[in-house]
Each structure stands twice: as C-alpha cells, then as structure tokens.
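What follows is the content of data.txt, which has compact mmCIF, C-alpha atoms and all ligand atoms:
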```
# COMPACT_ATOMS: atom_id res chain seq x y z
CA MET M 1 -47.36 -14.75 -42.44
CA ARG M 2 -43.80 -16.02 -42.44
CA SER M 3 -42.43 -12.88 -40.78
CA LYS M 4 -45.22 -12.94 -38.23
CA ALA M 5 -44.41 -16.57 -37.46
CA ILE M 6 -40.71 -15.70 -37.00
CA LEU M 7 -41.68 -12.87 -34.66
CA ILE M 8 -43.88 -15.15 -32.55
CA LEU M 9 -41.11 -17.76 -32.30
CA LYS M 10 -38.63 -15.09 -31.20
CA GLU M 11 -41.05 -13.63 -28.66
CA ASN M 12 -41.48 -17.06 -27.14
CA GLU M 13 -37.78 -17.84 -27.21
CA LEU M 14 -38.25 -20.81 -29.49
CA LYS M 15 -35.62 -21.91 -31.95
CA ILE M 16 -36.65 -21.12 -35.49
CA THR M 17 -37.00 -24.27 -37.58
CA GLN M 18 -38.62 -24.79 -40.95
CA ASN M 19 -41.12 -27.17 -39.42
CA ARG M 20 -42.17 -24.78 -36.66
CA LEU M 21 -42.55 -21.95 -39.14
CA ASP M 22 -44.66 -24.02 -41.53
CA VAL M 23 -46.93 -25.36 -38.79
CA LEU M 24 -47.46 -21.92 -37.26
CA SER M 25 -48.10 -20.34 -40.67
CA VAL M 26 -51.01 -22.72 -41.27
CA PHE M 27 -52.67 -21.45 -38.10
CA LEU M 28 -51.88 -17.81 -38.84
CA CYS M 29 -53.49 -18.07 -42.27
CA SER M 30 -56.79 -19.43 -41.01
CA GLU M 31 -59.26 -19.15 -38.18
CA LYS M 32 -59.92 -22.87 -38.21
CA ALA M 33 -58.97 -25.61 -35.80
CA PHE M 34 -56.65 -28.27 -37.21
CA SER M 35 -56.05 -31.85 -36.18
CA LEU M 36 -52.71 -33.59 -36.63
CA LEU M 37 -54.19 -35.36 -39.64
CA ASP M 38 -55.29 -32.05 -41.20
CA LEU M 39 -51.77 -30.69 -40.86
CA GLU M 40 -50.29 -33.86 -42.27
CA LYS M 41 -52.45 -33.39 -45.36
CA ILE M 42 -51.29 -29.78 -45.76
CA LEU M 43 -47.60 -30.21 -44.88
CA GLY M 44 -47.13 -33.92 -45.54
CA ASP M 45 -44.88 -33.52 -48.55
CA LYS M 46 -42.46 -31.36 -46.53
CA HIS M 47 -42.65 -32.69 -42.98
CA ASP M 48 -43.35 -36.03 -41.35
CA ARG M 49 -46.05 -36.71 -38.82
CA SER M 50 -43.83 -36.89 -35.76
CA SER M 51 -42.11 -33.56 -36.38
CA ILE M 52 -45.47 -31.87 -37.00
CA PHE M 53 -46.69 -33.40 -33.75
CA ARG M 54 -43.62 -32.19 -31.86
CA SER M 55 -44.22 -28.63 -33.06
CA LEU M 56 -47.87 -28.84 -31.97
CA GLN M 57 -46.80 -30.03 -28.53
CA THR M 58 -44.25 -27.25 -28.19
CA TYR M 59 -46.82 -24.62 -29.15
CA ASN M 60 -49.37 -26.15 -26.80
CA GLU M 61 -46.88 -26.08 -23.90
CA LYS M 62 -46.08 -22.44 -24.65
CA GLY M 63 -49.78 -21.62 -24.69
CA LEU M 64 -49.70 -20.50 -28.33
CA LEU M 65 -52.05 -23.23 -29.41
CA GLU M 66 -55.02 -24.47 -27.46
CA LYS M 67 -55.92 -28.15 -27.74
CA PHE M 68 -59.46 -29.40 -27.44
CA CYS M 69 -61.65 -32.22 -28.72
CA ASN M 70 -64.27 -31.58 -31.36
CA SER M 71 -67.65 -33.30 -31.28
CA SER M 72 -66.33 -36.38 -33.08
CA GLY M 73 -63.68 -36.81 -30.39
CA THR M 74 -60.72 -35.74 -32.52
CA ALA M 75 -58.08 -33.61 -30.82
CA VAL M 76 -57.75 -30.31 -32.65
CA TYR M 77 -55.58 -27.27 -32.15
CA THR M 78 -56.42 -23.63 -32.56
CA LEU M 79 -54.42 -20.45 -32.24
CA ASN M 80 -54.63 -18.87 -28.82
CA LEU M 81 -53.65 -15.24 -29.06
CA HIS M 82 -54.45 -14.38 -25.45
CA GLN M 83 -57.33 -12.02 -25.90
CA PRO M 84 -58.27 -10.23 -22.70
CA ASN M 85 -60.72 -12.25 -20.58
CA CYS M 86 -60.19 -15.29 -22.79
CA ASP M 87 -58.34 -18.14 -21.17
CA GLY M 88 -58.60 -20.20 -24.34
CA LYS M 89 -60.73 -22.83 -22.66
CA SER M 90 -64.04 -22.10 -24.33
CA HIS M 91 -64.70 -22.01 -28.05
CA PHE M 92 -67.43 -21.73 -30.60
CA LYS M 93 -66.88 -23.82 -33.71
CA CYS M 94 -68.84 -23.41 -36.93
CA LYS M 95 -69.76 -26.79 -38.38
CA ASP M 96 -69.78 -25.46 -41.95
CA CYS M 97 -66.68 -23.29 -42.38
CA GLU M 98 -64.90 -24.71 -39.26
CA THR M 99 -64.01 -21.26 -38.00
CA VAL M 100 -63.20 -21.28 -34.29
CA VAL M 101 -63.88 -18.30 -32.04
CA SER M 102 -62.45 -18.06 -28.51
CA LEU M 103 -65.08 -17.27 -25.92
CA PRO M 104 -64.65 -15.26 -22.70
CA ASN M 105 -63.86 -17.09 -19.49
CA LEU M 106 -66.67 -19.01 -17.88
CA PRO M 107 -68.51 -17.04 -15.20
CA GLN M 108 -67.52 -17.84 -11.63
CA GLU M 109 -71.02 -19.18 -10.91
CA TYR M 110 -70.29 -22.06 -13.27
CA LEU M 111 -67.22 -23.08 -11.36
CA GLN M 112 -68.80 -22.47 -7.95
CA PHE M 113 -71.54 -24.90 -8.94
CA LEU M 114 -68.90 -27.62 -8.89
CA GLY M 115 -68.02 -26.86 -5.27
CA ASN M 116 -64.97 -28.81 -4.22
CA HIS M 117 -64.72 -31.01 -7.27
CA LYS M 118 -61.19 -30.99 -8.60
CA ILE M 119 -61.08 -29.75 -12.18
CA GLU M 120 -58.41 -31.31 -14.35
CA THR M 121 -59.31 -30.23 -17.84
CA MET M 122 -61.65 -27.47 -18.78
CA ASN M 123 -62.66 -27.26 -22.39
CA VAL M 124 -66.04 -25.98 -23.42
CA LEU M 125 -67.00 -26.38 -27.03
CA ILE M 126 -70.13 -24.86 -28.49
CA GLU M 127 -70.86 -25.94 -32.04
CA GLY M 128 -73.27 -24.54 -34.56
CA THR M 129 -73.42 -22.40 -37.66
CA CYS M 130 -71.74 -19.00 -37.70
CA GLU M 131 -73.50 -15.86 -38.84
CA LYS M 132 -71.69 -15.82 -42.19
CA CYS M 133 -72.64 -19.41 -43.05
CA GLN M 134 -76.26 -18.86 -42.01
CA ASN M 135 -76.50 -15.95 -44.42
CA GLN M 136 -74.94 -18.00 -47.19
CA ASP M 137 -77.70 -20.57 -46.79
CA LYS M 138 -80.28 -17.88 -47.40
CA ILE M 139 -78.71 -16.81 -50.69
CA GLU M 140 -78.59 -20.30 -52.16
ZN ZN M 201 -69.29 -20.73 -40.70
```
Target format structure tokens, applied to this file:
Amino acid sequence: MRSKAILILKENELKITQNRLDVLSVFLCSEKAFSLLDLEKILGDKHDRSSIFRSLQTYNEKGLLEKFCNSSGTAVYTLNLHQPNCDGKSHFKCKDCETVVSLPNLPQEYLQFLGNHKIETMNVLIEGTCEKCQNQDKIE
C-alpha cells in the first residue's frame, strides 16, 4: 500500500510526507469512508488532528478523496479513483460494514428536473445493507 500511495502522490505532483502517506494508506487499505475523528483514532499516536485534516483537504482539492455527509451529518471522506461515468458525487454506503461504493453519474433527467436552480453541492448518499452483510445475517 505504501508504494501505491507514493505513486499516487507522485502522479498528482504532491510532496511526499509521512503524514500524507499514512492518511492515504488508510484509504487504500479499506473500502470504507472515514471521518476526521476515525483517522485520528487510527493515526493519532503518530499525527495530530490538524495535520491529518490538512492532508484530507489536499486530497479533496486534488479530487483523490470525495467528501460527503453521512446520515448522522458527519463529514466523511472516501477514495475517489475516477471510475468511468462516476463523478464521485453519488455513493452507496453499507450501514453494517461501512463499505462505500461509488455510483454512476445521475441521469440528466434528474438535473433537468431542477430547471434553472443553481446547484452548489451535489452529493447523493444511498444507505442500506450490502449484499455481503445481508448474506451474513442469514447464516447467523
Ligand atoms: Zn456491508
């Protein structure tokens, strides 16, 4: 994961720092969305809150991480690896394992419905239970 993180930093012309590598590695190791508090719990003994936050901001500006609010209103970040037809604005989040899946762009009809309204932020979050977690419930 470390070498992949270094590669991503280089590709995006970002200076390689220990903090940036550690933050990015957390996201590369998991398909979950993380809040600042989550990352503080994981990296807290190595990095302080403000430097973790700065890395998150940098990644968000570069489009590497997508920021959205979960259903409890907490801002969370998830890796945005630019899949085709995914603008990183729509996600499905499993309430059990917290896995986040990027969804394809919203159909034009959705946006046309809004007519001339000016859109400032566009984050669609669908929450539920993923297929894997549903099957686990059956076994238990
Ligand atoms: Zn799940």
For a test of reading the model, state the distance in Å between atom CA of M:Lys132 and atom CA of M:Leu103, rounded to one decimal.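 Separation of atom CA of M:Lys132 and atom CA of M:Leu103: 17.6 Å.
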Throw together the list of residues within 10 Å of ligand ZN 201 (chain M), counting all atoms listed in the file, and drop it here as an mmCIF file with C-alpha atoms, in the coordinates of the input.
```cif
data_model
loop_
_atom_site.group_PDB
_atom_site.id
_atom_site.type_symbol
_atom_site.label_atom_id
_atom_site.label_comp_id
_atom_site.auth_asym_id
_atom_site.auth_seq_id
_atom_site.Cartn_x
_atom_site.Cartn_y
_atom_site.Cartn_z
ATOM 1 C CA LYS M 32 -59.920 -22.870 -38.210
ATOM 2 C CA LYS M 93 -66.880 -23.820 -33.710
ATOM 3 C CA CYS M 94 -68.840 -23.410 -36.930
ATOM 4 C CA LYS M 95 -69.760 -26.790 -38.380
ATOM 5 C CA ASP M 96 -69.780 -25.460 -41.950
ATOM 6 C CA CYS M 97 -66.680 -23.290 -42.380
ATOM 7 C CA GLU M 98 -64.900 -24.710 -39.260
ATOM 8 C CA THR M 99 -64.010 -21.260 -38.000
ATOM 9 C CA VAL M 100 -63.200 -21.280 -34.290
ATOM 10 C CA GLY M 128 -73.270 -24.540 -34.560
ATOM 11 C CA THR M 129 -73.420 -22.400 -37.660
ATOM 12 C CA CYS M 130 -71.740 -19.000 -37.700
ATOM 13 C CA GLU M 131 -73.500 -15.860 -38.840
ATOM 14 C CA LYS M 132 -71.690 -15.820 -42.190
ATOM 15 C CA CYS M 133 -72.640 -19.410 -43.050
ATOM 16 C CA GLN M 134 -76.260 -18.860 -42.010
ATOM 17 C CA ASN M 135 -76.500 -15.950 -44.420
ATOM 18 C CA GLN M 136 -74.940 -18.000 -47.190
#
```
Pick out the closest residue to M:Leu37 from this set: M:Leu111, M:Ala75, M:Leu106, M:Leu14. Count only C-alpha atoms.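 Of all the options, M:Ala75 lies closest to M:Leu37.
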Go through M:Ser71, M:Asn116, M:Ser3, M:Asn12 one by one, measure the shortest atom-to-atom distance of each to M:Tyr59 using only C-alpha atoms, and give the residue with the smallest value. M:Asn12
Looking at all atoms listed in the file, which of M:Asn19, M:Thr121, M:Thr74, M:Ser50 is the one that sits closest to M:Ser35?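 Counting all atoms listed in the file, the residue closest to M:Ser35 is M:Thr74.
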Got a sec: who's within 12 Å of M:Val26, counting all atoms listed in the file, leaving out chain neighbours fewer than 5 positions off, as JSON, numbers by chain? {"M": [1, 2, 4, 5, 19, 20, 21, 31, 32, 33, 34, 35, 36, 38, 39, 40, 41, 42, 43, 52, 56, 65, 77, 78, 79]}
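Residue nearest M:His91, chosen from M:Leu9, M:Val76, M:Ile126, M:Leu114 and counting only C-alpha atoms: M:Ile126.
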Enter the distance from atom CA of M:Ser72 to atom CA of M:Asn123, in Å, rounded to one decimal.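 So the answer is 14.5 Å.
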Between M:Ile16, M:Asp22, M:Pro107, M:Glu120, which one has atoms that come closest to M:Asp45, using all atoms listed in the file?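 Residue with the minimum atom-to-atom distance to M:Asp45: M:Asp22.
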Build an axis-aligned box that encloses every atom of stretch 31-38 of chain M listed in the file, pad it by 8 Å on each side, and report its centre and edge lengths in Å to one decimal, as AutoDock Vina command-line options.
```
--center_x -56.3 --center_y -27.3 --center_z -38.5 --size_x 23.2 --size_y 32.2 --size_z 21.4
```
Of the candidates M:Val101, M:Val23, M:Leu125, M:Ile8, which one gets nearest to M:Phe68 if we count only C-alpha atoms? M:Leu125
Could you jot down the atom CA of M:Ile6 to atom CA of M:Phe92 separation for me, Å, one decimal place?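 Atom CA of M:Phe92 lies 28.1 Å from atom CA of M:Ile6.
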